[in-house]
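Have a look at final.cif; it's mmCIF, C-alpha atoms:
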data_model
loop_
_atom_site.label_atom_id
_atom_site.label_comp_id
_atom_site.auth_asym_id
_atom_site.auth_seq_id
_atom_site.Cartn_x
_atom_site.Cartn_y
_atom_site.Cartn_z
CA MET A 1 15.67 -28.43 7.44
CA VAL A 2 16.49 -24.89 8.55
CA THR A 3 14.15 -23.09 10.94
CA MET A 4 13.72 -19.52 9.76
CA ASN A 5 13.01 -16.42 11.78
CA PRO A 6 9.23 -15.63 11.52
CA SER A 7 9.79 -12.05 10.32
CA ILE A 8 11.91 -13.26 7.40
CA LYS A 9 9.21 -15.80 6.62
CA ARG A 10 6.57 -13.07 6.56
CA GLY A 11 8.60 -10.97 4.15
CA SER A 12 9.26 -13.86 1.85
CA ALA A 13 5.67 -15.16 1.83
CA GLU A 14 4.56 -12.69 -0.81
CA LEU A 15 7.35 -13.69 -3.17
CA ALA A 16 6.74 -17.39 -2.55
CA VAL A 17 3.01 -17.14 -3.33
CA LEU A 18 3.53 -15.01 -6.44
CA ALA A 19 6.25 -17.38 -7.68
CA VAL A 20 4.16 -20.55 -7.39
CA LEU A 21 1.20 -18.81 -9.03
CA GLU A 22 3.44 -17.82 -11.94
CA GLN A 23 3.47 -21.47 -12.99
CA GLN A 24 -0.33 -21.95 -12.97
CA PRO A 25 -3.51 -20.90 -11.10
CA LEU A 26 -3.86 -22.80 -7.81
CA HIS A 27 -6.20 -23.01 -4.84
CA GLY A 28 -5.12 -22.23 -1.27
CA TYR A 29 -4.19 -25.74 -0.13
CA GLU A 30 -2.19 -26.40 -3.29
CA ILE A 31 -0.35 -23.06 -2.95
CA ALA A 32 0.66 -23.94 0.62
CA ARG A 33 1.60 -27.51 -0.32
CA ARG A 34 3.81 -26.49 -3.24
CA ILE A 35 5.60 -23.80 -1.27
CA GLU A 36 6.26 -26.25 1.56
CA GLN A 37 7.45 -28.89 -0.88
CA GLU A 38 9.65 -26.59 -2.96
CA SER A 39 11.21 -24.97 0.12
CA ASP A 40 11.94 -28.37 1.71
CA GLY A 41 9.59 -27.52 4.54
CA ALA A 42 11.33 -24.23 5.45
CA LEU A 43 8.26 -22.21 4.48
CA ARG A 44 5.07 -23.52 6.01
CA PHE A 45 1.75 -21.70 5.94
CA THR A 46 -1.03 -21.78 8.47
CA LEU A 47 -4.47 -20.58 7.41
CA ALA A 48 -3.81 -17.33 9.32
CA SER A 49 -0.66 -16.61 7.35
CA LEU A 50 -1.91 -17.69 3.92
CA TYR A 51 -5.46 -16.46 3.42
CA PRO A 52 -5.12 -12.86 4.67
CA LEU A 53 -2.13 -12.60 2.32
CA LEU A 54 -4.16 -14.01 -0.58
CA TYR A 55 -7.02 -11.57 0.14
CA ARG A 56 -4.62 -8.64 0.21
CA MET A 57 -3.03 -9.69 -3.06
CA GLU A 58 -6.44 -10.00 -4.64
CA LYS A 59 -7.42 -6.53 -3.45
CA ARG A 60 -4.21 -5.06 -4.83
CA GLY A 61 -5.08 -6.60 -8.18
CA TRP A 62 -2.08 -8.95 -8.25
CA THR A 63 -4.27 -12.05 -8.36
CA LYS A 64 -7.73 -12.90 -9.56
CA ALA A 65 -9.73 -15.62 -7.84
CA THR A 66 -12.43 -17.76 -9.41
CA TRP A 67 -14.44 -20.68 -8.09
CA GLU A 68 -13.72 -23.80 -10.09
CA THR A 69 -15.08 -27.31 -9.86
CA THR A 70 -12.47 -30.09 -9.81
CA PRO A 71 -12.98 -33.32 -11.84
CA ALA A 72 -14.07 -34.91 -8.53
CA GLY A 73 -16.89 -32.35 -8.35
CA VAL A 74 -15.38 -30.35 -5.48
CA ARG A 75 -15.47 -26.53 -5.61
CA ARG A 76 -12.18 -24.74 -5.03
CA ARG A 77 -11.31 -21.06 -5.18
CA CYS A 78 -8.36 -20.78 -7.56
CA TYR A 79 -5.97 -17.84 -7.68
CA GLY A 80 -4.24 -16.81 -10.88
CA LEU A 81 -1.70 -14.03 -11.47
CA THR A 82 -2.87 -10.90 -13.27
CA ALA A 83 -0.61 -8.76 -15.48
CA LYS A 84 -0.11 -6.48 -12.49
CA GLY A 85 0.83 -9.49 -10.39
CA VAL A 86 3.41 -10.56 -12.97
CA ARG A 87 4.96 -7.08 -12.84
CA GLN A 88 4.91 -7.18 -9.04
CA LEU A 89 6.62 -10.57 -9.05
CA GLY A 90 9.42 -9.11 -11.20
CA ALA A 91 9.81 -6.14 -8.87
CA THR A 92 9.76 -8.32 -5.75
CA ARG A 93 12.32 -10.68 -7.24
CA ARG A 94 14.65 -7.77 -7.99
CA GLU A 95 14.21 -6.42 -4.45
CA TRP A 96 15.03 -9.77 -2.86
CA ASP A 97 17.91 -10.29 -5.24
CA VAL A 98 19.44 -6.99 -4.14
CA PHE A 99 18.78 -7.93 -0.51
CA PHE A 100 20.39 -11.37 -0.78
CA HIS A 101 23.29 -10.00 -2.79
CA ALA A 102 23.94 -7.42 -0.08
CA LEU A 103 23.63 -10.04 2.68
CA SER A 104 25.89 -12.47 0.90
CA ARG A 105 28.56 -9.78 0.56
CA ILE A 106 28.28 -8.84 4.22
CA GLY A 107 27.63 -12.20 5.78
CA GLY A 108 29.47 -14.49 3.40
CA LEU A 109 26.31 -16.45 2.61
CA ARG A 110 26.33 -19.27 0.11
CA ARG A 111 23.84 -19.26 -2.76
CA ALA A 112 21.93 -22.48 -3.41
CA MET B 1 -15.71 -36.91 9.67
CA LEU B 2 -15.70 -33.35 10.95
CA ASP B 3 -17.98 -30.77 9.36
CA TRP B 4 -15.12 -28.49 8.36
CA SER B 5 -17.36 -25.80 6.97
CA ALA B 6 -19.40 -25.49 10.18
CA LEU B 7 -16.20 -25.51 12.23
CA VAL B 8 -14.62 -22.64 10.27
CA HIS B 9 -17.89 -20.73 10.10
CA ARG B 10 -18.27 -20.93 13.88
CA HIS B 11 -14.74 -19.73 14.57
CA LEU B 12 -14.98 -16.83 12.12
CA ALA B 13 -18.30 -15.62 13.52
CA SER B 14 -16.59 -12.58 15.06
CA VAL B 15 -15.38 -11.33 11.67
CA ARG B 16 -17.75 -8.58 10.61
CA VAL B 17 -18.34 -9.12 6.94
CA ASP B 18 -21.44 -9.67 4.83
CA GLU B 19 -22.92 -13.14 5.05
CA ARG B 20 -22.16 -14.08 1.45
CA ARG B 21 -18.46 -13.23 1.86
CA ARG B 22 -18.32 -15.05 5.21
CA ARG B 23 -19.75 -18.19 3.58
CA GLU B 24 -17.20 -17.88 0.79
CA ILE B 25 -14.29 -17.53 3.21
CA SER B 26 -15.56 -20.39 5.35
CA ALA B 27 -16.01 -22.65 2.31
CA GLU B 28 -12.53 -21.83 1.05
CA MET B 29 -10.81 -22.52 4.37
CA ALA B 30 -12.93 -25.60 5.03
CA ALA B 31 -11.83 -26.95 1.64
CA HIS B 32 -8.22 -26.32 2.65
CA LEU B 33 -8.64 -28.28 5.89
CA GLU B 34 -10.49 -31.04 4.10
CA ASP B 35 -7.67 -31.34 1.56
CA ALA B 36 -5.13 -31.58 4.37
CA TYR B 37 -7.28 -34.23 6.08
CA ASP B 38 -7.70 -36.27 2.88
CA SER B 39 -3.99 -36.04 2.13
CA ALA B 40 -3.15 -37.32 5.62
CA LEU B 41 -5.60 -40.21 5.22
CA ARG B 42 -4.06 -41.11 1.86
CA SER B 43 -0.61 -41.18 3.43
CA GLY B 44 -1.76 -43.84 5.88
CA CYS B 45 -2.86 -41.84 8.92
CA THR B 46 -5.78 -42.91 11.06
CA GLU B 47 -8.83 -40.65 11.08
CA ALA B 48 -7.84 -39.09 14.42
CA GLU B 49 -4.31 -38.44 13.14
CA ALA B 50 -5.67 -36.97 9.92
CA VAL B 51 -7.90 -34.58 11.85
CA ALA B 52 -4.95 -33.58 14.02
CA CYS B 53 -2.84 -33.09 10.90
CA ALA B 54 -5.49 -30.79 9.38
CA MET B 55 -5.89 -28.88 12.63
CA GLU B 56 -2.15 -28.13 12.63
CA ARG B 57 -3.00 -25.59 9.91
CA VAL B 58 -4.95 -23.58 12.48
CA PRO B 59 -2.89 -23.43 15.67
CA ASP B 60 -4.90 -20.43 16.87
CA TRP B 61 -8.46 -19.77 15.68
CA ARG B 62 -8.54 -16.39 17.34
CA ALA B 63 -5.39 -15.30 15.47
CA LEU B 64 -6.98 -16.50 12.22
CA ALA B 65 -10.14 -14.45 12.85
CA VAL B 66 -8.06 -11.36 13.68
CA ALA B 67 -5.85 -11.76 10.59
CA VAL B 68 -8.83 -12.26 8.27
CA LYS B 69 -10.65 -9.31 9.80
CA ARG B 70 -7.56 -7.12 9.39
CA SER B 71 -7.14 -8.06 5.73
CA ILE B 72 -10.82 -7.32 5.05
CA ASP B 73 -10.87 -4.08 7.05
CA GLU B 74 -8.14 -2.59 4.87
CA ASP B 75 -10.89 -1.55 2.48
CA THR B 76 -12.84 0.35 5.06
CA THR B 77 -10.04 1.90 7.10
CA MET B 78 -7.07 3.71 5.61
CA THR B 79 -5.92 2.64 2.22
CA ARG B 80 -2.26 2.61 1.27
CA HIS B 81 -2.47 6.00 -0.45
CA ALA B 82 -4.24 7.51 2.53
CA ILE B 83 -1.34 6.49 4.74
CA THR B 84 1.50 7.33 2.40
CA VAL B 85 0.15 10.44 0.63
CA LEU B 86 -3.01 11.94 2.09
CA LEU B 87 -2.10 11.86 5.78
CA PRO B 88 1.35 13.45 5.48
CA GLY B 89 0.16 15.65 2.60
CA THR B 90 -2.86 17.15 4.34
CA THR B 91 -0.86 17.69 7.52
CA ILE B 92 1.76 19.80 5.76
CA LEU B 93 -1.01 21.49 3.76
CA LEU B 94 -2.59 22.57 7.05
CA ALA B 95 0.82 23.71 8.27
CA ALA B 96 1.22 25.77 5.08
CA ALA B 97 -2.25 27.29 5.47
CA THR B 98 -1.58 28.13 9.12
CA GLY B 99 1.78 29.64 8.23
CA MET B 100 0.24 31.78 5.51
CA SER B 101 -2.59 32.92 7.79
CA LEU B 102 -0.12 33.90 10.50
CA VAL B 103 1.97 35.87 8.01
CA VAL B 104 -1.10 37.71 6.70
CA TYR B 105 -2.30 38.38 10.25
CA ALA B 106 1.06 39.51 11.61
CA THR B 107 2.34 41.57 8.69
CA PRO B 108 1.49 45.28 8.91
CA ALA B 109 -0.47 46.54 5.92
CA ASP B 110 2.25 48.94 4.77
CA ARG B 111 4.79 46.11 4.48
CA TRP B 112 2.84 44.60 1.56
CA VAL B 113 3.37 47.74 -0.50
CA ASP B 114 6.86 48.47 0.74
CA PRO B 115 8.84 49.79 -2.25
CA ARG B 116 12.18 48.36 -1.01
CA TRP B 117 13.06 45.23 -3.00
CA HIS B 118 15.05 43.60 -0.20
CA VAL B 119 11.96 43.45 2.03
CA HIS B 120 10.18 41.39 -0.63
CA ALA B 121 13.30 39.32 -1.31
CA LEU B 122 13.61 38.47 2.39
CA ALA B 123 9.92 37.51 2.57
CA ALA B 124 10.23 35.38 -0.58
CA GLY B 125 13.37 33.70 0.79
CA LEU B 126 11.72 32.85 4.09
CA ALA B 127 8.63 31.54 2.32
CA PHE B 128 10.83 29.40 0.04
CA LEU B 129 12.68 28.00 3.06
CA PHE B 130 9.39 27.28 4.85
CA TYR B 131 8.11 25.33 1.84
CA LEU B 132 11.42 23.53 1.47
CA VAL B 133 11.05 22.26 5.03
CA LEU B 134 7.38 21.33 4.48
CA GLY B 135 8.26 19.36 1.34
CA ALA B 136 10.98 17.53 3.25
CA ILE B 137 8.64 16.68 6.15
CA GLY B 138 5.92 15.41 3.81
CA ALA B 139 8.28 13.20 1.81
CA ALA B 140 10.11 11.92 4.92
CA TRP B 141 6.80 11.04 6.58
CA SER B 142 5.62 9.24 3.46
CA ARG B 143 8.91 7.31 3.30
CA HIS B 144 8.53 6.33 6.93
CA ALA B 145 5.01 5.06 6.16
CA GLY B 146 6.40 2.92 3.31
CA GLY B 147 5.55 5.27 0.42
CA SER B 148 7.03 4.64 -3.02
CA HIS B 149 9.20 7.18 -4.86
CA GLY B 150 6.18 8.87 -6.47
CA GLU B 151 4.09 8.77 -3.30
CA ARG B 152 6.81 10.53 -1.33
CA LEU B 153 7.05 13.31 -3.91
CA ALA B 154 3.25 13.60 -4.04
CA ALA B 155 3.06 13.87 -0.24
CA GLY B 156 5.77 16.54 -0.22
CA ALA B 157 4.14 18.57 -2.99
CA PHE B 158 0.64 18.26 -1.51
CA PRO B 159 0.33 21.92 -0.33
CA LEU B 160 0.23 22.88 -4.02
CA VAL B 161 -3.43 21.83 -3.84
CA LEU B 162 -4.00 24.86 -1.63
CA HIS B 163 -2.24 27.13 -4.10
CA VAL B 164 -4.22 25.78 -7.03
CA ALA B 165 -7.38 26.32 -4.99
CA MET B 166 -6.37 29.97 -4.47
CA ALA B 167 -5.21 30.64 -8.02
CA GLY B 168 -8.17 28.84 -9.59
CA PRO B 169 -10.85 31.40 -8.60
CA ALA B 170 -8.70 34.25 -9.97
CA VAL B 171 -8.41 32.52 -13.35
CA GLY B 172 -12.15 31.71 -13.22
CA ALA B 173 -13.06 35.32 -12.38
CA ASP B 174 -10.94 36.55 -15.27
CA MET B 175 -12.63 34.18 -17.71
CA LEU B 176 -16.05 35.17 -16.37
CA TYR B 177 -15.14 38.84 -16.82
CA ALA B 178 -14.06 38.29 -20.43
CA PHE B 179 -17.27 36.35 -21.05
CA SER B 180 -19.47 39.05 -19.48
CA GLN B 181 -17.74 41.72 -21.58
CA GLY B 182 -18.26 39.65 -24.70
CA ALA B 183 -14.58 40.02 -25.58
CA VAL B 184 -12.01 37.24 -25.30
CA GLY B 185 -9.11 39.72 -25.21
CA ARG B 186 -10.36 41.61 -22.16
CA HIS B 187 -8.93 40.71 -18.80
CA LEU B 188 -9.11 41.75 -15.20
CA ASP B 189 -6.19 43.72 -13.88
CA ILE B 190 -4.29 40.63 -12.76
CA ASN B 191 -0.70 39.82 -13.67
CA PHE B 192 -1.15 36.13 -14.38
CA ILE B 193 2.50 35.44 -15.10
CA ASN B 194 3.46 36.85 -11.72
CA MET B 195 0.62 35.00 -10.06
CA ILE B 196 1.62 31.65 -11.56
CA LEU B 197 5.27 32.21 -10.66
CA VAL B 198 4.55 33.25 -7.08
CA MET B 199 1.67 30.92 -6.33
CA LEU B 200 2.55 27.78 -8.24
CA VAL B 201 6.07 27.62 -9.68
CA ALA B 202 8.08 28.92 -6.71
CA PRO B 203 6.26 26.98 -3.96
CA GLY B 204 6.11 23.90 -6.17
CA ALA B 205 9.86 24.04 -6.76
CA ALA B 206 10.54 24.53 -3.04
CA LEU B 207 8.31 21.61 -2.04
CA LEU B 208 9.84 19.26 -4.62
CA LEU B 209 13.38 20.30 -3.77
CA GLY B 210 12.68 19.69 -0.10
CA GLY B 211 11.20 16.28 -0.83
CA LEU B 212 13.88 15.06 -3.26
CA PRO B 213 16.44 13.84 -0.69
CA PHE B 214 13.76 11.61 0.83
CA ALA B 215 12.45 10.27 -2.45
CA ARG B 216 15.37 8.04 -3.36
CA ARG B 217 14.29 4.47 -4.00
CA ASN B 218 16.94 2.77 -1.93
CA ALA B 219 15.96 4.69 1.20
CA ARG B 220 14.33 1.70 2.86
CA LEU B 221 14.22 -1.89 1.82
CA GLY B 222 10.76 -3.24 1.49
CA ALA B 223 9.16 0.17 1.31
CA GLN B 224 7.20 -0.72 -1.82
#

Rewritten as structure tokens:
Amino acid sequence: MVTMNPSIKRGSAELAVLAVLEQQPLHGYEIARRIEQESDGALRFTLASLYPLLYRMEKRGWTKATWETTPAGVRRRCYGLTAKGVRQLGATRREWDVFFHALSRIGGLRRA
Amino acid sequence: MLDWSALVHRHLASVRVDERRRREISAEMAAHLEDAYDSALRSGCTEAEAVACAMERVPDWRALAVAVKRSIDEDTTMTRHAITVLLPGTTILLAAATGMSLVVYATPADRWVDPRWHVHALAAGLAFLFYLVLGAIGAAWSRHAGGSHGERLAAGAFPLVLHVAMAGPAVGADMLYAFSQGAVGRHLDINFINMILVMLVAPGAALLLGGLPFARRNARLGAQ
């Protein structure tokens, strides 16, 4: 596992959340769990890093949250991507792609 | 088992938000901690270990309260457009208004009706340069604040609001005059083409030209 610089983590958090929500609407714990799992533990969210980000995304209209009741009868607030969020995900992906491409040229990074 | 909801609610007491929203936030975060706790139990942890595992999600309650408060306060403090457009825009608008007032105050009356064309050309050139600089400052400021391409141009062109506000009453007075005379073809003695060129087109072009070098998209990564 690679330990990442916190500032890089912060910048990538938005992309990570949008990307996992692209697959299906999820609640906070599940968003954090999937990101941690899919990044092999490199990206790990605390409540302080996840929820303020989710609230900001909701305010910007990128996500829409609804309370849903799970089959076990537990209420969870689920976040789904809006059309604006899908567009934002595309734009963010392009930005990061340019960024990584530039870094890989300069720093000789390997792509996964 | 811990009462997660009460725990979160107690630690977020300092966040000033309406009670319904506070309950919602507390319930959501309590559910998160409960899920982490349940998951740890399922993986074979003891209850104490599961609680510790859940609490790892909140290494600092104070930091959580501050971060939540900050994300909520964004609505009531400055919005993104206020930071990237209105703040730089109104500042250069005030600079434009001050500049114009100083020119009007300092210019002798006879200079306004000076028949020599080069006097007017020099004044127009200086005014154009002044607006070019204002447009550049507005767009550069907006870029520094993280403004997008359009926001930077809007911030740079903001003083046009002042010009529209000055030209608007003249157009309104002319329409009122035509209406009072009962004849659509009658107008006040105002050269509207000149007025639009001098008050809107020329300053608008100067502001946009000044802002253009700062409006390129690749100016700063992550500015969007």

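Compared by their closest atoms to chain A, and using only C-alpha atoms, the residues B:Asp3, B:Glu19, B:Asp38, B:Glu56 rank with B:Glu56 nearest.
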
>> Report as a ChimeraX atom specification all protein, DNA and RNA residues lying within 6 Å of region 36-52 of chain A, evaluated on all atoms listed in the file, omitting residues in the same chain fewer than 4 positions from it.
In response: /A:32 /B:57-58,64,68,71

Once you have the residues from the selection above, write them out as a compact mmCIF listing (two decimals), in the coordinates of the input, restricted to C-alpha atoms.
# COMPACT_ATOMS: atom_id res chain seq x y z
CA ALA A 32 0.66 -23.94 0.62
CA ARG B 57 -3.00 -25.59 9.91
CA VAL B 58 -4.95 -23.58 12.48
CA LEU B 64 -6.98 -16.50 12.22
CA VAL B 68 -8.83 -12.26 8.27
CA SER B 71 -7.14 -8.06 5.73

>> Counting all atoms listed in the file, which residue out of B:Ala40, B:Val201, B:Ala157, B:Ala31 sits closest to chain A?
In response: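 Between B:Ala40, B:Val201, B:Ala157, B:Ala31, the residue approaching chain A most closely is B:Ala31.
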
> Any chance you could work out the residue set of the PyMOL selection byres ((chain A) within 12 of (chain B)) here, as a ChimeraX atom specification?
Replying inline: /A:8,10-12,14-15,26-33,44-60,65-70,74-79,88,91-100,102

> Do you have the CA of Arg111 (chain B)-CA of Gly135 (chain B) distance handy?
Replying inline: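 It comes out at 27.2 Å.
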
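Computed from the coordinates, the CA of Ile83 (chain B) to CA of Gly138 (chain B) distance equals 11.5 Å.
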
>> Please report the interatomic distance between CA of Val15 (chain B) and CA of Thr63 (chain A) in Å with one decimal.
In response: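 Taking CA of Val15 (chain B) as the start and CA of Thr63 (chain A) as the end point, the length is 22.9 Å.
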